[in-house]
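Shown next, in structure tokens, is the structure this report addresses.
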Amino acid sequence: MLRWLITGLGFVLAPLAANAETTARVLEFDTLSGWQDDDHAAALDVFQETCRLMDDAEWRNLCAFAATGPDAKNFFELFFRPVLIEDGSPALFTGYFEPELFGSRSRNGQYRYPLYRKPPAEYVNLTRKEIDQSSLLSGLAIAWVDNPVDVYYLQIQGSGRVRLTDGSAIRVGYGGENGHPNRSIAQELINRGIMKRSEASNARIRSWFNRNPSLGQEILWTNPSYVFFRKVSVPGNKGPRGAMNRSITALRSLAVDPRYIPLGAPVWMEKSGRLALKRLMVAQDTGAAIKGAQRADVFFGTGAAAGEIAAQTNDAGRMVVLMPIQTAFAIAPDWAE
């Protein structure tokens, strides 16, 4: 059994730890349920967004050929092999999205809740409550928005779009954090008996906070963690930037664990659930909770509708990474199906 150690955006083969359960099998394309029916050209476009950043000659050569405009399905079938990588844990697909907030460049009227840049070192370790109750950071506000719960959810997602009162919009991305532990406000609501677990959707939580602003503020302060932001330059028709510092694409970009799947690699996903998906995705992002060979986060897009779908995604299935032929058989020399 083999695995790869990530070096930049590439990898080198190295032996697994003696107690590891990771296995890799080379499959055939006709074992991928739904492969024949996918829009391979759409996947190829997304692949080309980031493949040139991969730090490996074999990947870069394939990227260069992809730019010549080959038939997309033939391209993947000729130059790649599907590799099923498993580590003993069942597959789990969750979802994420880019929040869309409404705000102003200055504090006024309903726009009273700041999105802060990372402050000087002496203020970084303040708790959420200390930050909210102090004016020490007010000069660091990128924008002011109209809902404190939206700030919280933006901090969870790490990036988002703010539509401003002057008709323009800005993108913000993760800019650092205060170092305090993160505590779920949904769990706090459940612990206090305010909501049942089955009721604690993003929409219901937001609605409850709007009706109970004072108690809601107290609930928010039970989470001392605080995320700071930075402005991000992204064209308006593009998605937010992922871990490869390029825009990600709704329903084509995945967040994965790069210990198992190289960033930039195509990944075939078969996901059950309310929104069942069988399609070719591209591994273009990571996440703190995304750990394991069969663990991934599906990017659903921007705005509230995408957020509701993302919040309800907690599904089984499998994912199969497409590797260049030589690499595929180096990873799994004794397996073929």
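For the structure tokens, the naming scheme is as follows: chains receive sequential letters (A, B, ...) according to their order of presentation, residues are indexed from 1 within each chain, and ligands are indexed from 1 in presentation order.
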Within 10 Å of A:Asn202 using only C-alpha atoms, minus same-chain residues under 3 positions, as a CSV table (one decimal) with N, CA and C atoms, in the first residue's frame:
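So the final result, stored in around_23.csv, reads:
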```
chain,number,residue,atom,x,y,z
A,149,VAL,N,-26.0,37.9,12.9
A,149,VAL,CA,-26.0,36.4,12.6
A,149,VAL,C,-25.3,36.2,11.3
A,153,TYR,N,-22.2,33.6,10.4
A,153,TYR,CA,-22.2,32.6,9.4
A,153,TYR,C,-21.1,32.9,8.3
A,186,ALA,N,-25.7,26.8,17.3
A,186,ALA,CA,-26.9,25.9,17.2
A,186,ALA,C,-26.9,25.0,18.4
A,199,GLU,N,-34.8,21.2,14.5
A,199,GLU,CA,-35.3,22.5,14.1
A,199,GLU,C,-34.1,23.4,13.8
A,205,ILE,N,-32.6,29.4,12.7
A,205,ILE,CA,-31.7,30.1,13.7
A,205,ILE,C,-31.7,31.6,13.3
A,206,ARG,N,-31.6,31.9,12.1
A,206,ARG,CA,-31.6,33.4,11.7
A,206,ARG,C,-32.9,34.0,12.1
A,207,SER,N,-34.0,33.3,11.8
A,207,SER,CA,-35.3,33.9,12.1
A,207,SER,C,-35.5,34.1,13.6
A,208,TRP,N,-35.0,33.1,14.4
A,208,TRP,CA,-35.1,33.2,15.9
A,208,TRP,C,-34.3,34.4,16.4
A,304,ALA,N,-28.4,32.8,-0.2
A,304,ALA,CA,-29.2,32.1,0.8
A,304,ALA,C,-29.7,30.7,0.3
A,307,GLY,N,-27.1,28.3,0.5
A,307,GLY,CA,-26.8,28.1,1.9
A,307,GLY,C,-27.7,27.0,2.5
A,308,GLU,N,-29.0,27.1,2.1
A,308,GLU,CA,-30.0,26.2,2.6
A,308,GLU,C,-29.7,24.8,2.1
A,310,ALA,N,-26.7,23.6,1.2
A,310,ALA,CA,-25.5,23.2,1.8
A,310,ALA,C,-25.7,22.8,3.2
A,311,ALA,N,-26.6,23.5,4.0
A,311,ALA,CA,-26.8,23.1,5.4
A,311,ALA,C,-27.5,21.8,5.5
A,312,GLN,N,-28.3,21.4,4.5
A,312,GLN,CA,-29.0,20.1,4.5
A,312,GLN,C,-28.3,18.9,3.9
```
Within 12 Å of A:Leu189, counting only C-alpha atoms, which residues show up once you throw out same-chain ones fewer than 3 positions away? Write them as a VMD selection string, please.
chain A and resid 183 to 186 192 to 201 204 to 206 208 to 209 215 to 216 218 to 220 222 to 223
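Proximity to A:Gly273 was assessed for A:Ile331, A:Ala288, A:Leu92, A:Ile190 counting only C-alpha atoms; the smallest distance is recorded for A:Leu92.
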List as CSV every residue of stretch 198-294 of chain A that is in contact with stretch 106-116 of chain A, defined as an atom at most 10 Å from one of its atoms (using only C-alpha atoms), together with the nearest atom pair and the distance in Å rounded to one decimal, sorted by chain and then rising number.
```
residue,atom,partner,partner_atom,distance
A:Tyr226,CA,A:Tyr116,CA,9.8
A:Val227,CA,A:Tyr116,CA,8.3
A:Phe228,CA,A:Tyr116,CA,5.4
A:Phe229,CA,A:Tyr116,CA,6.0
A:Arg230,CA,A:Tyr116,CA,8.0
```
Residue nearest A:Ser272 among A:Gly242, A:Gly173, A:Phe93, A:Gln133 (counting only C-alpha atoms)
A:Phe93
Quick one: DSSP helix (DSSP H, G or I) residues in stretch 56-246 of chain A, as a VMD selection string?
chain A and resid 57 to 66 72 to 79 121 to 124 128 to 133 138 to 140 148 to 157 185 to 191 197 to 199 202 to 211 213 to 221
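Residue nearest A:Ala143, chosen from A:Phe329, A:Phe299, A:Phe47, A:Phe102 and counting only C-alpha atoms: A:Phe102.
Within the 12 Å cut-off around A:Ala169, using only C-alpha atoms and omitting residues fewer than 3 positions from it on the same chain, the listed residues are Glu100, Leu101, Phe102, Gly103, Ser104, Arg105, Ile142, Ala143, Gly160, Arg161, Val162, Arg163, Leu164, Thr165, Asp166, Val172, Lys231, Val232, Ser233, Val234, Pro235, Gly236 and Asn237 of chain A.
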Atoms to include: N, CA and C atoms. Write the selected residues as a compact mmCIF listing (two decimals), in the first residue's frame.
```
# COMPACT_ATOMS: atom_id res chain seq x y z
N GLU A 100 -24.04 35.80 1.05
CA GLU A 100 -24.21 37.13 0.45
C GLU A 100 -24.87 38.02 1.49
N LEU A 101 -24.17 39.07 1.88
CA LEU A 101 -24.64 39.99 2.91
C LEU A 101 -24.96 41.34 2.29
N PHE A 102 -25.67 42.17 3.05
CA PHE A 102 -25.99 43.53 2.62
C PHE A 102 -25.34 44.51 3.59
N GLY A 103 -24.64 45.49 3.03
CA GLY A 103 -23.88 46.36 3.91
C GLY A 103 -23.61 47.74 3.35
N SER A 104 -22.79 48.47 4.11
CA SER A 104 -22.42 49.84 3.77
C SER A 104 -20.93 50.01 4.04
N ARG A 105 -20.33 50.97 3.34
CA ARG A 105 -18.91 51.24 3.59
C ARG A 105 -18.69 51.97 4.91
N ILE A 142 -13.94 46.71 7.28
CA ILE A 142 -13.98 46.68 5.81
C ILE A 142 -15.35 47.16 5.33
N ALA A 143 -16.39 46.74 6.06
CA ALA A 143 -17.76 47.13 5.75
C ALA A 143 -18.60 46.92 6.99
N GLY A 160 -17.13 35.56 1.48
CA GLY A 160 -18.47 35.94 1.07
C GLY A 160 -18.48 37.20 0.24
N ARG A 161 -19.69 37.56 -0.18
CA ARG A 161 -19.90 38.76 -0.98
C ARG A 161 -20.78 39.73 -0.21
N VAL A 162 -20.42 41.01 -0.23
CA VAL A 162 -21.23 42.03 0.44
C VAL A 162 -21.75 43.00 -0.61
N ARG A 163 -23.07 43.08 -0.73
CA ARG A 163 -23.69 44.05 -1.64
C ARG A 163 -23.89 45.36 -0.88
N LEU A 164 -23.34 46.43 -1.41
CA LEU A 164 -23.30 47.71 -0.70
C LEU A 164 -24.42 48.64 -1.13
N THR A 165 -24.70 49.61 -0.29
CA THR A 165 -25.80 50.54 -0.54
C THR A 165 -25.56 51.40 -1.77
N ASP A 166 -24.31 51.55 -2.19
CA ASP A 166 -24.04 52.37 -3.38
C ASP A 166 -24.15 51.58 -4.68
N VAL A 172 -14.95 39.34 0.37
CA VAL A 172 -14.03 39.23 1.50
C VAL A 172 -13.65 37.77 1.68
N LYS A 231 -10.08 42.02 2.06
CA LYS A 231 -10.71 42.19 0.76
C LYS A 231 -10.07 41.25 -0.24
N VAL A 232 -10.90 40.69 -1.12
CA VAL A 232 -10.41 39.77 -2.14
C VAL A 232 -10.87 40.28 -3.50
N SER A 233 -9.96 40.35 -4.44
CA SER A 233 -10.30 40.81 -5.78
C SER A 233 -10.73 39.64 -6.65
N VAL A 234 -12.02 39.55 -6.93
CA VAL A 234 -12.59 38.48 -7.75
C VAL A 234 -13.61 39.09 -8.69
N PRO A 235 -13.57 38.78 -9.99
CA PRO A 235 -14.59 39.29 -10.91
C PRO A 235 -15.99 38.91 -10.45
N GLY A 236 -16.95 39.77 -10.70
CA GLY A 236 -18.30 39.56 -10.21
C GLY A 236 -18.96 38.31 -10.72
N ASN A 237 -18.56 37.82 -11.90
CA ASN A 237 -19.18 36.62 -12.46
C ASN A 237 -18.48 35.33 -12.06
```
